[in-house]
Amino acid sequence: MLNGNTLTDLTGGLGIDCAFLATKFKHISYVERQEELCEIASHNFPLLGLNHITIYNEDAVTHLQQMNREDCIFIDPARRNEHGGKTVAISDCEPDVAKLEELLLSKANRIMIKLSPMLDLSLALKTMKHTQEAHVISVNNDCKELLLIIGDTPPTHQIPIHCINLTSKEKQSFVFTREEEARAECTYTEKVGTYLYEPNASILKAGAFRSIAASYHTRKLHPNSHLYTSDEWIKEFPGRVFQVTGQCSFNKKEIKECIGDIKKANITVRNFPATVAEIRKRTKLSDGGETYLFATTLSNDQKVLIRCSKVFSNS
């Protein structure tokens with residue numbers, strides 16, 4: 001995502017991000033206003049063989065205003081307010097990168113901004129008007145970071161959104177644009193096929209609900225359920241894949257017949273008027289085991305429980 005001769009990390013912290021990025025550049029400027037963190041970084045960088053990093057114990061905005069133009073800038077705004085509480089909105093983080101956008105663009109060709117995974121992506125793209133790429137990063141199906149790349153060239157209307165899920169086995173990648181999402185053909189169904197699919201956390205966070213169905217030729221259970229089905233196993237699907245072994249309504253008798261004599265199940269709720277805790281109370285099932293229950297809604301608005309076993313998972 002970032003490479004070149006020079007990079008400035010305006011929010012150095014413990015230097016973890018800086019050390020990772022350093023391998024792609026000939027010279028790095030590490031900027032951190034806390035003296036103690038600068039001392040830690042100055043001790044660690046040489047031990048890591050990173051002797052091309054210059055440390056500046058300065059405020060990020062002050063350094064930005066005075067620095068020469070470089071190839072790239074990295075910034076990870078602090079996500080806590082003066083009282084120590086967590087913040088999500090760009091305007092609540094420090095520094096406010098929305099207010100700094102023009103200044104950042106005057107100082108580098110490409111800027112990577114690291115934001116909270118809780119931030120709404122649509123709002124982020126609307127706020128940062130020069131965004132050229134968005135990257136939603138998950139690790140083992142847990143959404144960790146939202147990265148925006150802004151640049152000094154005119155942004156395209158079709159911003160590529162990269163959905164990445166890193167697992168112990170592989171890197172799952174799916175790329176789409178919001179325009180493609182709006183145009184994507186998506187078939188809804190009231191019939192659950194042999195296989196059930198749950199997209200990984202990055203895809204769900206990015207909102208690629210129609211695009212993923214079109215790309216992998218699956219049928220969506222309901223516009224708001226975000227579960228997909230097919231009669232043939234799609235091994236490459238970027239998410240969790242299950243084989244359907246049963247289905248029932250939320251009727252007590254039907255539930256008893258569907259779950260049989262199992263004592264444990266992993267329960268997921270998608271677009272369903274009951275919580276996991278309420279379903280556990282009704283079914284008397286403890287957590288765990290090899291059975292998976294999805295409580296969801298079909299395209300005809302029927303509320304169902306789908307019993308599954310996991311057949312393939314990259315997450």
# chains A, B, ... in the order shown; residues from 1 in each chain; ligands from 1
>>> residues_around(residues="region 159-162 of chain A", least_positions_apart="2", cutoff="10 Å", atoms="only C-alpha atoms", output="JSON list (two decimals) with C-alpha atoms, in the first residue's frame")
[["chain", "number", "residue", "atom", "x", "y", "z"],
["A", 121, "LEU", "CA", -16.97, 3.24, 6.32],
["A", 125, "LEU", "CA", -15.23, 8.06, 2.80],
["A", 131, "THR", "CA", -9.60, 8.91, -0.46],
["A", 132, "GLN", "CA", -8.22, 6.69, -3.23],
["A", 133, "GLU", "CA", -8.38, 3.29, -1.50],
["A", 134, "ALA", "CA", -9.99, 1.79, 1.58],
["A", 135, "HIS", "CA", -8.76, -1.36, 3.35],
["A", 136, "VAL", "CA", -10.79, -3.21, 6.00],
["A", 137, "ILE", "CA", -8.45, -5.55, 7.89],
["A", 147, "LEU", "CA", -7.12, 2.01, 6.63],
["A", 148, "LEU", "CA", -7.67, 4.86, 4.18],
["A", 155, "PRO", "CA", -9.76, 10.69, -6.52],
["A", 156, "THR", "CA", -11.88, 8.39, -8.63],
["A", 157, "HIS", "CA", -15.59, 8.05, -7.95],
["A", 164, "ILE", "CA", -8.79, -8.54, 3.98],
["A", 165, "ASN", "CA", -9.08, -11.40, 6.48],
["A", 173, "SER", "CA", -9.12, -10.92, -0.19],
["A", 174, "PHE", "CA", -12.21, -9.42, -1.78],
["A", 175, "VAL", "CA", -12.28, -6.09, -3.63],
["A", 176, "PHE", "CA", -15.34, -4.12, -4.70],
["A", 177, "THR", "CA", -16.57, -0.57, -5.15],
["A", 178, "ARG", "CA", -19.74, 1.03, -3.84],
["A", 179, "GLU", "CA", -20.90, 1.52, -7.41],
["A", 180, "GLU", "CA", -20.46, -2.20, -8.11],
["A", 202, "SER", "CA", -14.20, -7.46, 6.72],
["A", 203, "ILE", "CA", -16.79, -8.08, 4.01],
["A", 206, "ALA", "CA", -17.46, -3.00, 4.29],
["A", 207, "GLY", "CA", -21.06, -3.70, 3.26],
["A", 208, "ALA", "CA", -20.36, -5.91, 0.22]]
>>> residues_around(residues="Ala22 (chain A)", least_positions_apart="2", cutoff="10 Å", atoms="only C-alpha atoms", output="NGL selection string")
:A and (3 or 6-9 or 16-20 or 24-29 or 45 or 50-53)
>>> write_last_selection(atoms="C-alpha atoms", output="PDB file, in the first residue's frame")
ATOM      1  CA  ASN A   3       6.413   2.356  -0.632  1.00  0.00           C
ATOM      2  CA  THR A   6      10.921   8.495   2.397  1.00  0.00           C
ATOM      3  CA  LEU A   7       8.103   8.156   4.935  1.00  0.00           C
ATOM      4  CA  THR A   8       7.105  10.068   8.043  1.00  0.00           C
ATOM      5  CA  ASP A   9       5.195   8.340  10.848  1.00  0.00           C
ATOM      6  CA  ILE A  16       5.435  -1.021  15.995  1.00  0.00           C
ATOM      7  CA  ASP A  17       3.826   0.379  12.843  1.00  0.00           C
ATOM      8  CA  CYS A  18       6.959   2.356  12.040  1.00  0.00           C
ATOM      9  CA  ALA A  19       9.173  -0.741  12.323  1.00  0.00           C
ATOM     10  CA  PHE A  20       6.879  -2.678   9.988  1.00  0.00           C
ATOM     11  CA  LYS A  24       9.760  -0.562   2.417  1.00  0.00           C
ATOM     12  CA  PHE A  25      11.599   2.787   2.623  1.00  0.00           C
ATOM     13  CA  LYS A  26      15.159   4.103   2.523  1.00  0.00           C
ATOM     14  CA  HIS A  27      14.581   6.699   5.232  1.00  0.00           C
ATOM     15  CA  ILE A  28      11.939   7.005   7.948  1.00  0.00           C
ATOM     16  CA  SER A  29      11.052   9.870  10.273  1.00  0.00           C
ATOM     17  CA  PHE A  45      15.093   0.376  16.406  1.00  0.00           C
ATOM     18  CA  LEU A  50      16.491  -0.257  11.610  1.00  0.00           C
ATOM     19  CA  ASN A  51      19.245   2.313  11.536  1.00  0.00           C
ATOM     20  CA  HIS A  52      17.591   4.420   8.841  1.00  0.00           C
ATOM     21  CA  ILE A  53      14.953   5.818  11.217  1.00  0.00           C
TER      22      ILE A  53
END
>>> closest_atom_pairs(of="region 138-212 of chain A", to="region 235-251 of chain A", cutoff="9 Å", atoms="only C-alpha atoms", output="CSV")
residue,atom,partner,partner_atom,distance
A:Asn141,CA,A:Gly239,CA,8.1
A:Asn165,CA,A:Pro238,CA,8.3
A:Gln172,CA,A:Pro238,CA,6.0
A:Ser173,CA,A:Pro238,CA,7.4
A:Phe174,CA,A:Pro238,CA,7.7
A:Val192,CA,A:Val244,CA,8.0
A:Gly193,CA,A:Val244,CA,7.4
A:Thr194,CA,A:Val244,CA,5.4
A:Tyr195,CA,A:Gln243,CA,4.6
A:Leu196,CA,A:Phe242,CA,5.1
A:Tyr197,CA,A:Val241,CA,4.7
A:Glu198,CA,A:Arg240,CA,5.2
A:Pro199,CA,A:Gly239,CA,4.3
A:Asn200,CA,A:Gly239,CA,4.3
A:Ala201,CA,A:Gly239,CA,8.0
A:Ile203,CA,A:Pro238,CA,8.5
A:Ile212,CA,A:Phe237,CA,8.8
>>> write_last_selection(atoms="all heavy atoms", output="short mmCIF file (atom, residue, chain, number, x, y, z; two decimals), in the first residue's frame")
data_model
loop_
_atom_site.label_atom_id
_atom_site.label_comp_id
_atom_site.auth_asym_id
_atom_site.auth_seq_id
_atom_site.Cartn_x
_atom_site.Cartn_y
_atom_site.Cartn_z
N ASN A 141 -11.11 -13.41 11.52
CA ASN A 141 -12.51 -13.00 11.47
C ASN A 141 -12.89 -11.98 12.54
O ASN A 141 -14.06 -11.84 12.89
CB ASN A 141 -13.45 -14.22 11.56
CG ASN A 141 -14.73 -14.00 10.79
OD1 ASN A 141 -14.77 -13.28 9.80
ND2 ASN A 141 -15.81 -14.62 11.25
N ASN A 165 -8.98 -10.59 5.26
CA ASN A 165 -9.08 -11.40 6.48
C ASN A 165 -7.85 -12.31 6.54
O ASN A 165 -7.65 -13.16 5.68
CB ASN A 165 -10.36 -12.23 6.49
CG ASN A 165 -10.52 -13.03 7.76
OD1 ASN A 165 -10.24 -12.54 8.86
ND2 ASN A 165 -10.97 -14.27 7.65
N GLN A 172 -7.42 -14.00 2.96
CA GLN A 172 -8.63 -13.86 2.15
C GLN A 172 -8.74 -12.43 1.66
O GLN A 172 -8.60 -11.49 2.45
CB GLN A 172 -9.87 -14.21 2.97
CG GLN A 172 -9.96 -15.63 3.44
CD GLN A 172 -11.20 -15.86 4.28
OE1 GLN A 172 -11.89 -14.93 4.67
NE2 GLN A 172 -11.49 -17.11 4.57
N SER A 173 -9.00 -12.26 0.38
CA SER A 173 -9.12 -10.92 -0.19
C SER A 173 -10.37 -10.82 -1.06
O SER A 173 -10.67 -11.73 -1.83
CB SER A 173 -7.89 -10.58 -1.04
OG SER A 173 -6.72 -10.60 -0.26
N PHE A 174 -11.06 -9.71 -0.92
CA PHE A 174 -12.21 -9.42 -1.78
C PHE A 174 -12.22 -7.91 -2.01
O PHE A 174 -12.11 -7.13 -1.07
CB PHE A 174 -13.52 -9.87 -1.14
CG PHE A 174 -14.73 -9.65 -2.02
CD1 PHE A 174 -14.96 -10.47 -3.11
CD2 PHE A 174 -15.61 -8.61 -1.76
CE1 PHE A 174 -16.07 -10.26 -3.91
CE2 PHE A 174 -16.72 -8.40 -2.57
CZ PHE A 174 -16.95 -9.23 -3.65
N VAL A 192 -33.46 -22.75 1.74
CA VAL A 192 -32.06 -22.93 2.14
C VAL A 192 -31.51 -24.15 1.43
O VAL A 192 -32.08 -25.25 1.51
CB VAL A 192 -31.94 -23.09 3.66
CG1 VAL A 192 -30.47 -23.25 4.06
CG2 VAL A 192 -32.56 -21.90 4.37
N GLY A 193 -30.38 -23.97 0.72
CA GLY A 193 -29.78 -25.06 -0.03
C GLY A 193 -28.93 -25.97 0.86
O GLY A 193 -29.01 -25.94 2.10
N THR A 194 -28.07 -26.73 0.25
CA THR A 194 -27.24 -27.69 0.96
C THR A 194 -26.16 -27.01 1.80
O THR A 194 -25.77 -27.52 2.85
CB THR A 194 -26.58 -28.65 -0.05
OG1 THR A 194 -27.59 -29.23 -0.87
CG2 THR A 194 -25.81 -29.75 0.66
N TYR A 195 -25.70 -25.84 1.33
CA TYR A 195 -24.61 -25.15 2.02
C TYR A 195 -25.03 -23.74 2.44
O TYR A 195 -25.80 -23.07 1.73
CB TYR A 195 -23.37 -25.09 1.13
CG TYR A 195 -22.80 -26.46 0.85
CD1 TYR A 195 -23.15 -27.14 -0.31
CD2 TYR A 195 -21.96 -27.09 1.76
CE1 TYR A 195 -22.66 -28.41 -0.57
CE2 TYR A 195 -21.46 -28.36 1.51
CZ TYR A 195 -21.82 -29.02 0.36
OH TYR A 195 -21.33 -30.28 0.11
N LEU A 196 -24.52 -23.32 3.58
CA LEU A 196 -24.80 -21.99 4.11
C LEU A 196 -23.48 -21.26 4.28
O LEU A 196 -22.48 -21.83 4.74
CB LEU A 196 -25.50 -22.10 5.47
CG LEU A 196 -26.02 -20.79 6.07
CD1 LEU A 196 -27.26 -20.32 5.31
CD2 LEU A 196 -26.36 -20.97 7.55
N TYR A 197 -23.45 -19.96 3.92
CA TYR A 197 -22.21 -19.17 3.92
C TYR A 197 -22.39 -17.90 4.76
O TYR A 197 -23.39 -17.20 4.63
CB TYR A 197 -21.83 -18.77 2.49
CG TYR A 197 -21.69 -19.94 1.54
CD1 TYR A 197 -22.81 -20.44 0.87
CD2 TYR A 197 -20.46 -20.55 1.32
CE1 TYR A 197 -22.70 -21.52 0.01
CE2 TYR A 197 -20.34 -21.62 0.46
CZ TYR A 197 -21.46 -22.10 -0.20
OH TYR A 197 -21.36 -23.18 -1.06
N GLU A 198 -21.37 -17.63 5.56
CA GLU A 198 -21.32 -16.39 6.32
C GLU A 198 -20.04 -15.65 5.93
O GLU A 198 -18.93 -16.11 6.23
CB GLU A 198 -21.32 -16.67 7.83
CG GLU A 198 -21.33 -15.40 8.67
CD GLU A 198 -21.17 -15.69 10.15
OE1 GLU A 198 -20.28 -16.49 10.50
OE2 GLU A 198 -21.94 -15.12 10.94
N PRO A 199 -20.15 -14.49 5.25
CA PRO A 199 -18.94 -13.76 4.84
C PRO A 199 -18.08 -13.37 6.04
O PRO A 199 -18.58 -13.22 7.16
CB PRO A 199 -19.51 -12.50 4.16
CG PRO A 199 -20.91 -12.89 3.76
CD PRO A 199 -21.38 -13.83 4.81
N ASN A 200 -16.78 -13.20 5.80
CA ASN A 200 -15.90 -12.82 6.90
C ASN A 200 -16.20 -11.40 7.37
O ASN A 200 -16.94 -10.64 6.75
CB ASN A 200 -14.42 -13.01 6.52
CG ASN A 200 -13.96 -12.07 5.43
OD1 ASN A 200 -14.21 -10.87 5.45
ND2 ASN A 200 -13.22 -12.61 4.45
N ALA A 201 -15.60 -11.06 8.51
CA ALA A 201 -15.92 -9.81 9.19
C ALA A 201 -15.61 -8.57 8.35
O ALA A 201 -16.32 -7.57 8.42
CB ALA A 201 -15.16 -9.74 10.51
N ILE A 203 -15.76 -8.24 5.04
CA ILE A 203 -16.79 -8.08 4.01
C ILE A 203 -18.07 -7.53 4.61
O ILE A 203 -18.71 -6.63 4.04
CB ILE A 203 -17.04 -9.43 3.30
CG1 ILE A 203 -15.81 -9.82 2.49
CG2 ILE A 203 -18.27 -9.38 2.40
CD1 ILE A 203 -15.84 -11.23 1.94
N ILE A 212 -20.84 -9.79 -2.95
CA ILE A 212 -20.33 -11.12 -2.62
C ILE A 212 -21.25 -12.19 -3.17
O ILE A 212 -20.79 -13.24 -3.64
CB ILE A 212 -20.13 -11.26 -1.08
CG1 ILE A 212 -19.21 -12.44 -0.78
CG2 ILE A 212 -21.43 -11.39 -0.35
CD1 ILE A 212 -17.78 -12.21 -1.14
#
>>> select_by_dssp(residues="region 27-273 of chain A", states="helix (DSSP H, G or I)", output="NGL selection string")
:A and (35-47 or 60-66 or 90-92 or 101-107 or 121-127 or 178-183 or 201-206 or 209-216 or 252-259)
>>> residues_around(residues="Phe209 (chain A)", least_positions_apart="3", cutoff="10 Å", atoms="only C-alpha atoms", output="ChimeraX atom specification")
/A:181-182,184,186,199,203-206,212-214,220,223-228
>>> closest_residue(among="A:Thr283, A:Asn68, A:Thr218, A:Thr297", to="Ser230 (chain A)", atoms="only C-alpha atoms")
A:Thr218
>>> closest_residue(among="A:Leu37, A:Leu146, A:Val311, A:Leu2", to="Leu119 (chain A)", atoms="only C-alpha atoms")
A:Leu146
>>> select_by_dssp(residues="region 98-135 of chain A", states="strand (DSSP E or B)", output="list in words")
Ala108, Asn109, Arg110, Ile111, Met112, Ile113, Lys114, Leu115, Thr131, Gln132, Glu133, Ala134 and His135 of chain A
>>> closest_residue(among="A:Ile149, A:Leu48, A:Ala60, A:Leu293", to="Lys129 (chain A)", atoms="only C-alpha atoms")
A:Ile149
>>> closest_residue(among="A:Leu10, A:Leu103, A:Ile306, A:Ala108", to="Glu254 (chain A)", atoms="only C-alpha atoms")
A:Ile306
>>> closest_residue(among="A:Cys143, A:Ile150, A:Asp231, A:Arg282", to="Lys253 (chain A)", atoms="only C-alpha atoms")
A:Arg282
